[in-house]
Amino acid sequence: MGAHVAGHFEPKHWVVHMDRSQGAGVLAHEMGHAIDAAFAETAGLSRAVLLTEAVMGGWREHLLAKLMTDVIAVCRIGPDGQETTFLKDAMDLDKGKKAYWAHPAEMFARLFEAWVHDALTLRGRRNDFLVFPSSGADTVAGQEWRAVTSPYPKGRERKRMVDLMDEFIKVAIPLTRKALEQNFRH
């Protein structure tokens, strides 16, 4: 992994890599990528494909693709038809370079990370190995990101996005569980 990479998911091999010195707090993010890949496989796509990428390419042939389209849309466009602060901050973090922060797969993984953080917080729990405390920040991201803007959704936008993610997960997990059980039987 690179100097500033704390974790990485390989969809082709279903492997999560975490840096031993700076990997704490990234597991939920990488699991967001793994779930994105699992949803793609459930929808009948190749193991090396993420559903977010297929949807951005125009593919809508499965219920999960239609639901993912809604999740990506809420991450990018607010109810007023304008770009969300989440997207604007991501583009600001990219600063004109090739999209990383604003890439839909990365935005989905960070939204999943925020969803996990908020679910833990709602239950009075905290797990710094699973998710950075700054994932729940409504203000500037923690120093570990060295960012002037937050890479996470915040405020009312966050609530709207997390609520939609909650609905998406409620539909997607049972479909995915059934498909994965069939694919991973010995």
# chains A, B, ... in the order shown; residues from 1 in each chain; ligands from 1
>>> select_by_dssp(residues="chain A", states="strand (DSSP E or B)", output="VMD selection string")
chain A and resid 7 to 10 15 to 18 77 83
>>> write_last_selection(atoms="N, CA and C atoms", output="short mmCIF file (atom, residue, chain, number, x, y, z; two decimals), in the first residue's frame")
data_model
loop_
_atom_site.label_atom_id
_atom_site.label_comp_id
_atom_site.auth_asym_id
_atom_site.auth_seq_id
_atom_site.Cartn_x
_atom_site.Cartn_y
_atom_site.Cartn_z
N GLY A 7 -5.98 1.41 4.14
CA GLY A 7 -6.65 0.15 3.83
C GLY A 7 -7.00 0.09 2.36
N HIS A 8 -7.30 -1.11 1.90
CA HIS A 8 -7.64 -1.33 0.50
C HIS A 8 -8.45 -2.61 0.39
N PHE A 9 -9.48 -2.60 -0.47
CA PHE A 9 -10.27 -3.80 -0.72
C PHE A 9 -10.03 -4.27 -2.15
N GLU A 10 -9.79 -5.58 -2.32
CA GLU A 10 -9.61 -6.19 -3.63
C GLU A 10 -10.85 -7.00 -3.98
N VAL A 15 -10.57 -9.57 -0.56
CA VAL A 15 -9.56 -9.39 0.48
C VAL A 15 -9.54 -7.92 0.90
N VAL A 16 -9.53 -7.70 2.22
CA VAL A 16 -9.34 -6.36 2.77
C VAL A 16 -7.92 -6.29 3.32
N HIS A 17 -7.16 -5.33 2.85
CA HIS A 17 -5.82 -5.08 3.38
C HIS A 17 -5.90 -3.88 4.31
N MET A 18 -5.23 -3.99 5.45
CA MET A 18 -5.16 -2.86 6.37
C MET A 18 -3.72 -2.67 6.79
N ILE A 77 -26.78 15.05 -5.19
CA ILE A 77 -27.73 16.13 -5.44
C ILE A 77 -28.72 16.22 -4.28
N GLU A 83 -25.87 20.63 -5.98
CA GLU A 83 -24.87 19.68 -5.47
C GLU A 83 -24.88 19.70 -3.95
#
>>> residues_around(residues="A:Glu41", least_positions_apart="5", cutoff="9 Å", atoms="only C-alpha atoms", output="PyMOL selection string")
chain A and resi 36+46-51+176+179-180
>>> write_last_selection(atoms="C-alpha atoms", output="PDB file, in the first residue's frame")
ATOM      1  CA  ASP A  36     -20.582  -2.752  -2.886  1.00  0.00           C
ATOM      2  CA  SER A  46     -18.596 -10.020 -12.276  1.00  0.00           C
ATOM      3  CA  ARG A  47     -16.808 -10.419  -8.952  1.00  0.00           C
ATOM      4  CA  ALA A  48     -14.285  -7.725  -9.945  1.00  0.00           C
ATOM      5  CA  VAL A  49     -17.015  -5.087 -10.439  1.00  0.00           C
ATOM      6  CA  LEU A  50     -18.469  -2.677  -7.890  1.00  0.00           C
ATOM      7  CA  LEU A  51     -22.184  -1.946  -8.138  1.00  0.00           C
ATOM      8  CA  THR A 176     -27.213 -10.559  -0.826  1.00  0.00           C
ATOM      9  CA  ALA A 179     -26.990 -15.119  -3.053  1.00  0.00           C
ATOM     10  CA  LEU A 180     -23.752 -15.399  -1.039  1.00  0.00           C
TER      11      LEU A 180
END
>>> closest_residue(among="A:Asp80, A:Asp118, A:Glu167, A:Asp70", to="A:Val55", atoms="only C-alpha atoms")
A:Asp70
>>> select_by_dssp(residues="stretch 2-122 of chain A", states="helix (DSSP H, G or I)", output="PyMOL selection string")
chain A and resi 27-42+51-56+63-76+85-94+104-122
>>> closest_residue(among="A:Ala37, A:Val74, A:Ala114, A:Met68", to="A:Val171", atoms="only C-alpha atoms")
A:Met68
>>> atom_distance(atom1="atom CA of A:Gly81", atom2="atom CA of A:Pro153")
16.8 Å
>>> atom_distance(atom1="atom CA of A:Gly96", atom2="atom CA of A:Phe108")
20.3 Å
>>> residues_around(residues="A:Phe168", least_positions_apart="4", cutoff="8 Å", atoms="only C-alpha atoms", output="list in words")
Leu67, Met68, Val71, Leu164 and Ala172 of chain A
>>> residues_around(residues="A:Val131", least_positions_apart="6", cutoff="9 Å", atoms="only C-alpha atoms", output="list of chain:residue names")
A:Ala24, A:Gly25, A:Val26, A:Leu27, A:Ala28, A:His29, A:Glu113, A:Ala114, A:Val116, A:His117
>>> residues_around(residues="A:Arg76", least_positions_apart="3", cutoff="8 Å", atoms="only C-alpha atoms", output="MDAnalysis selection string")
chainID A and resid 72:73 83:84 86:87
>>> write_last_selection(atoms="all heavy atoms", output="mmCIF file, in the first residue's frame")
data_model
loop_
_atom_site.group_PDB
_atom_site.id
_atom_site.type_symbol
_atom_site.label_atom_id
_atom_site.label_comp_id
_atom_site.auth_asym_id
_atom_site.auth_seq_id
_atom_site.Cartn_x
_atom_site.Cartn_y
_atom_site.Cartn_z
ATOM 1 N N ILE A 72 -26.549 6.900 -4.685
ATOM 2 C CA ILE A 72 -25.562 7.771 -5.326
ATOM 3 C C ILE A 72 -26.166 9.153 -5.580
ATOM 4 O O ILE A 72 -25.523 10.184 -5.340
ATOM 5 C CB ILE A 72 -25.029 7.147 -6.631
ATOM 6 C CG1 ILE A 72 -24.187 5.908 -6.300
ATOM 7 C CG2 ILE A 72 -24.207 8.156 -7.432
ATOM 8 C CD1 ILE A 72 -23.810 5.076 -7.505
ATOM 9 N N ALA A 73 -27.408 9.171 -6.039
ATOM 10 C CA ALA A 73 -28.063 10.452 -6.330
ATOM 11 C C ALA A 73 -28.173 11.310 -5.074
ATOM 12 O O ALA A 73 -27.895 12.509 -5.119
ATOM 13 C CB ALA A 73 -29.441 10.216 -6.947
ATOM 14 N N GLU A 83 -25.873 20.631 -5.980
ATOM 15 C CA GLU A 83 -24.871 19.681 -5.474
ATOM 16 C C GLU A 83 -24.880 19.696 -3.950
ATOM 17 O O GLU A 83 -25.006 20.753 -3.326
ATOM 18 C CB GLU A 83 -23.474 20.066 -5.964
ATOM 19 C CG GLU A 83 -23.262 19.845 -7.434
ATOM 20 C CD GLU A 83 -21.882 20.266 -7.887
ATOM 21 O OE1 GLU A 83 -21.195 21.045 -7.182
ATOM 22 O OE2 GLU A 83 -21.483 19.815 -8.970
ATOM 23 N N THR A 84 -24.702 18.501 -3.358
ATOM 24 C CA THR A 84 -24.641 18.413 -1.901
ATOM 25 C C THR A 84 -23.306 18.950 -1.398
ATOM 26 O O THR A 84 -22.319 19.011 -2.146
ATOM 27 C CB THR A 84 -24.785 16.951 -1.436
ATOM 28 O OG1 THR A 84 -23.679 16.191 -1.963
ATOM 29 C CG2 THR A 84 -26.111 16.339 -1.863
ATOM 30 N N PHE A 86 -21.594 17.329 0.678
ATOM 31 C CA PHE A 86 -20.780 16.107 0.649
ATOM 32 C C PHE A 86 -20.009 16.030 -0.672
ATOM 33 O O PHE A 86 -18.795 15.796 -0.685
ATOM 34 C CB PHE A 86 -21.712 14.908 0.838
ATOM 35 C CG PHE A 86 -21.048 13.558 0.950
ATOM 36 C CD1 PHE A 86 -19.822 13.379 1.562
ATOM 37 C CD2 PHE A 86 -21.705 12.435 0.474
ATOM 38 C CE1 PHE A 86 -19.244 12.113 1.679
ATOM 39 C CE2 PHE A 86 -21.146 11.172 0.593
ATOM 40 C CZ PHE A 86 -19.909 11.006 1.191
ATOM 41 N N LEU A 87 -20.690 16.252 -1.795
ATOM 42 C CA LEU A 87 -20.026 16.222 -3.103
ATOM 43 C C LEU A 87 -19.076 17.404 -3.270
ATOM 44 O O LEU A 87 -17.940 17.232 -3.730
ATOM 45 C CB LEU A 87 -21.055 16.208 -4.237
ATOM 46 C CG LEU A 87 -20.474 16.232 -5.652
ATOM 47 C CD1 LEU A 87 -19.582 15.015 -5.908
ATOM 48 C CD2 LEU A 87 -21.590 16.311 -6.685
#
>>> atom_distance(atom1="atom CA of A:Leu45", atom2="atom CA of A:Cys75")
23.1 Å
